[in-house]
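One structure below.
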Number of protein chains: 2
Amino acid sequence: MTSAEPRRDDARSPAPTPPPSADPGPRPSTIQDVAREAGVSRAAVSKVIRNAYGVSDRMRTQVEAAIERLQYRPRVAARAMRGASFTLGFEIPQVGNDFLTMIVDGATEVLAGTPYQMIIAPLGRDQKSDMAINSLADRQVDGIVAISPRVDPAWLERIAEHTPLVMIGRHDRSDRYDTITGDDRSGAEQVMSHLIELGHRRITHLTIHPSRPEPPWAGQAGDEPHVIRNAVYREHMQALGVEPSVIHTLFDGSEAHAATRALLDSPDRPTAIFAGNDTLAIGVLSAVAEAGLDASDVSVVGYDDVPIARHPLVSLTSVDQSGIVMGREAVRLLLERLAGRTEAVQSQIAAELRERRSSAAPRRP
Amino acid sequence: MTSAEPRRDDARSPAPTPPPSADPGPRPSTIQDVAREAGVSRAAVSKVIRNAYGVSDRMRTQVEAAIERLQYRPRVAARAMRGASFTLGFEIPQVGNDFLTMIVDGATEVLAGTPYQMIIAPLGRDQKSDMAINSLADRQVDGIVAISPRVDPAWLERIAEHTPLVMIGRHDRSDRYDTITGDDRSGAEQVMSHLIELGHRRITHLTIHPSRPEPPWAGQAGDEPHVIRNAVYREHMQALGVEPSVIHTLFDGSEAHAATRALLDSPDRPTAIFAGNDTLAIGVLSAVAEAGLDASDVSVVGYDDVPIARHPLVSLTSVDQSGIVMGREAVRLLLERLAGRTEAVQSQIAAELRERRSSAAPRRP
DNA sequence: GTGAAAGCGCTAACAT
DNA sequence: ATGTTAGCGCTTTCAC
């Protein structure tokens with residue numbers, strides 16, 4: 001990896017100057033400066049920028065001119081201390097996950113018509129999602145959208161006391177925060193029915209590692225989307241009278257490839273693999289392809305229907321739970337809360353199987 | 001799309017309550033509360049949480065206990081007004097772009113060992129990147145990383161006066177902000193040499209639309225990575241004595257598929273397509289695959305080497321410019337600035353072609 | 001319709 | 001080593 005080492009045209013060790021960051025330069029103008037420039041009071045300027053009641057047209061134009069002249073921009077930090085920060089925060093466990101990206105895209109869409117800005121707090125290395133949620137709360141965002149199945153609901157309710165909160169992918173029911181879920185039961189059922197109808201019997205399920213240690217808020221763990229999909233898988237296998245075969249891997253897909261490889265080498269390899277999400281499915285597909293096998297040898301089905309799934313070279317059968325709609329809905333719920341709603345809402349998005357070429361009837365059933 | 005409509009278990013129109021967001025609840029504790037609880041002054045608490053000089057062990061433990069008991073968390077907004085926000089802001093033009101994701105991943109890695117948190121400001125719908133950069137600056141972040149080839153350098157320098165700024169993918173040279181670039185010339189040259197050596201002559205280049213209107217900071221537009229890649233392409237075609245063929249599309253890949261489709265139907269369709277980045281290349285590949293063609297009919301080469309490029313079903317030849325390293329380097333540069341560096345740095349990352357199966361010798365040259 | 005004044009939570013300079 | 005004090009830039013009563 002010599003090639004990847006950056007070459008600095010001007011490398012030198014950090015100067016000994018004390019921490020104070022950049023040079024001051026002409027310090028950015030404040031609301032005070034604008035008031036002076038326009039010959040009015042600070043309060044007047046504040047009213048103008050907030051579109052508040054009680055400003056004459058003459059004053060408005062005057063102030064706006066001064067703002068323009070001074071290139072004034074209100075400091076979010078200062079506003080946040082008294083009023084709102086006009087910022088909605090998104091906690092995203094995996095920036096690279098295309099399903100989560102779809103959620104962000106949907107949210108962006110709705111946000112366009114509002115005064116609110118979005119910020120995303122990605123999870124740091126080995127950082128837990130509650131840290132990211134905390135960091136958003138510390139930032140005084142006006143609302144939070146989080147995708148974290150594995151956080152204590154009691155803790156979430158505490159957050160929601162101060163900041164409107166929408167949780168995506170949680171099947172629990174709170175009366176302090178709102179939830180948006182896909183129909184994981186239906187989605188998984190569609191997958192299993194599809195595979196069984198095609199004639200598959202030896203079906204392996206690939207899913208992510210369960211929480212460890214067992215979450216202290218006992219009984220809730222069964223609510224996680226991946227746990228539900230897994231449960232549905234087991235039910236169908238039992239109905240079929242076939243021993244379930246479940247493999248646990250890391251959520252980022254890094255182990256899916258190797259796990260599949262091992263699986264394909266095993267004596268009675270499955271004729272189909274149901275992956276808990278598309279990230280895993282993509283990894284599975286790569287191992288299947290490398291082994292020179294295709295859908296009639298080993299069918300693969302994913303979950304989420306990420307954009308790449310419909311690419312003709314991939315053509316992955318997957319469950320569409322419309323991340324775009326989830327993102328739109330999340331922002332809508334937040335805006336409703338900010339407009340005064342206090343009752344919690346549970347919103348459910350339908351799941352629909354998209355059959356593609358990665359699944360086919362088994363060659364040798 | 002009936003299926004995608006969310007179903008609300010508790011839908012109702014926004015309550016008539018006035019804008020005040022959530023119910024107050026037990027208001028989060030402040031530094032004052034902690035001071036009272038611990039029987040010390042606010043300043044003392046502040047020193048403890050900042051690890052500042054001049055705190056006895058006894059006081060430290062006392063204060064820390066109080067913090068724990070009160071679940072105290074410093075408000076970032078309040079800190080930002082006096083000191084630092086301990087936040088680095090990333091302006092990301094396209095959350096779904098895997099190359100940008102790699103940058104974020106690299107940054108996350110380095111950030112792990114520091115007290116700094118990352119926030120990402122994604123570009124809103126038809127939002128210009130300068131708005132996103134501004135919004136980060138308004139948020140009082142301690143440093144900004146931006147990927148925006150099309151912003152006035154003079155404007156950037158004004159931002160950099162107050163906030164350390166690292167621009168990725170800009171070949172211009174400023175002495176106020178730092179830059180990180182790939183070696184676009186070398187990368188494009190490797191692509192063209194590769195294709196020409198394989199025997200290709202009719203090569204089409206797919207790139208993103210140029211800025212319109214022409215940027216007012218004349219002369220700088222030639223610096224954009226995509227413009228450089230395009231220029232190198234043209235040079236090689238001219239040297240070959242073949243008429244260049246360039247197609248412009250939207251940056252998000254949405255037009256690449258259709259454009260390729262049209263191209264494949266044309267009388268003298270190219271034997272190779274050099275796409276300005278992998279997002280475009282993936283779209284190109286889908287059209288090629290749909291037409292039932294493969295690499296010996298139409299070879300495809302991309303740029304960025306996003307993770308999916310190495311998937312065996314895709315196997316896209318592409319130029320690796322190591323987004324991970326760029327992200328790491330960006331944070332390092334910012335941290336250096338925060339530690340006192342004042343001279344600008346230009347950092348260049350090497351580019352290296354990864355040959356895969358999407359490029360091959362043409363069947364009929 | 002407009003402005004004066006208080007204060008949000010925190011840090012930093014200055015006492016002690 | 002610890003406490004006191006003065007703001008940071010903004011919004012928000014509440015007088016005028």
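Ordering of the structure tokens sets the chain letters (A, B, ...); residue numbers start at 1 within each chain; ligands are numbered from 1 in the order shown.
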Compute the set of chain D residues within 10 Å of chain B, using only C-alpha atoms (C1' of nucleotides), and express it as a list in words.
DA1, DT2, DG3, DT4, DG7, DC8 and DG9 of chain D
Pull out every residue of chain C sitting within 10 Å of chain B, counting only C-alpha atoms (C1' of nucleotides), and send them as a compact mmCIF listing (two decimals) with N, CA and C atoms (P, O5', C5', C4', C3', O3' and C1' of nucleotides), in the first residue's frame.
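Just written: selection-v7.txt:
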```
# COMPACT_ATOMS: atom_id res chain seq x y z
P DC C 8 -31.22 31.80 33.34
O5' DC C 8 -31.05 30.68 32.23
C5' DC C 8 -32.08 30.37 31.30
C4' DC C 8 -31.44 29.94 30.01
C3' DC C 8 -30.17 29.14 30.22
O3' DC C 8 -30.50 27.75 30.21
C1' DC C 8 -29.91 30.81 28.48
P DG C 9 -30.09 26.86 31.43
O5' DG C 9 -28.58 26.52 31.08
C5' DG C 9 -28.29 25.80 29.90
C4' DG C 9 -26.80 25.86 29.65
C3' DG C 9 -25.94 25.32 30.81
O3' DG C 9 -25.09 24.34 30.26
C1' DG C 9 -25.18 27.45 30.12
P DC C 10 -23.95 23.68 31.12
O5' DC C 10 -22.69 24.56 30.74
C5' DC C 10 -22.13 24.43 29.44
C4' DC C 10 -21.22 25.59 29.15
C3' DC C 10 -19.89 25.56 29.88
O3' DC C 10 -18.95 24.92 29.02
C1' DC C 10 -20.84 27.76 29.75
P DT C 11 -17.51 24.58 29.65
O5' DT C 11 -16.75 25.97 29.45
C5' DT C 11 -16.51 26.42 28.13
C4' DT C 11 -15.76 27.72 28.17
C3' DT C 11 -14.35 27.65 28.75
O3' DT C 11 -13.54 28.45 27.91
C1' DT C 11 -15.60 29.29 29.90
P DA C 12 -11.96 28.36 27.97
O5' DA C 12 -11.60 29.79 28.55
C5' DA C 12 -12.15 30.93 27.90
C4' DA C 12 -11.73 32.16 28.66
C3' DA C 12 -10.30 32.10 29.20
O3' DA C 12 -9.78 33.42 29.15
C1' DA C 12 -11.78 32.30 31.00
```
Could you pull out the strand (DSSP E or B) residues of region 98-259 of chain A, going by DSSP on the backbone, and write them as a PyMOL selection string?
chain A and resi 117-122+143-146+165-168+178-182+203-208+245-249
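Going from CA of Arg269 (chain A) over to CA of Val298 (chain A), you cover 8.7 Å.
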Surrounding residues of region 134-137 of chain B excluding itself and chain neighbours under 5 positions, 8 Å, only C-alpha atoms (C1' of nucleotides), as a ChimeraX atom specification:
/A:117 /B:89-91,121,144,159,163
Between B:Glu109, B:Asp183, B:Glu64, B:Asp130, single out the one closest to chain A, counting only C-alpha atoms.
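Using only C-alpha atoms, chain A sits closest to B:Glu109.
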Name all residues at most 12 Å from region 285-292 of chain A (count only C-alpha atoms (C1' of nucleotides); drop same-chain ones fewer than 4 positions away) and give them as a count of residues only.
48
With distances taken over only C-alpha atoms, which residue among A:Leu195, A:Leu111, A:Val166, A:Val331 lies nearest chain B?
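Smallest separation from chain B among the options: A:Leu111.
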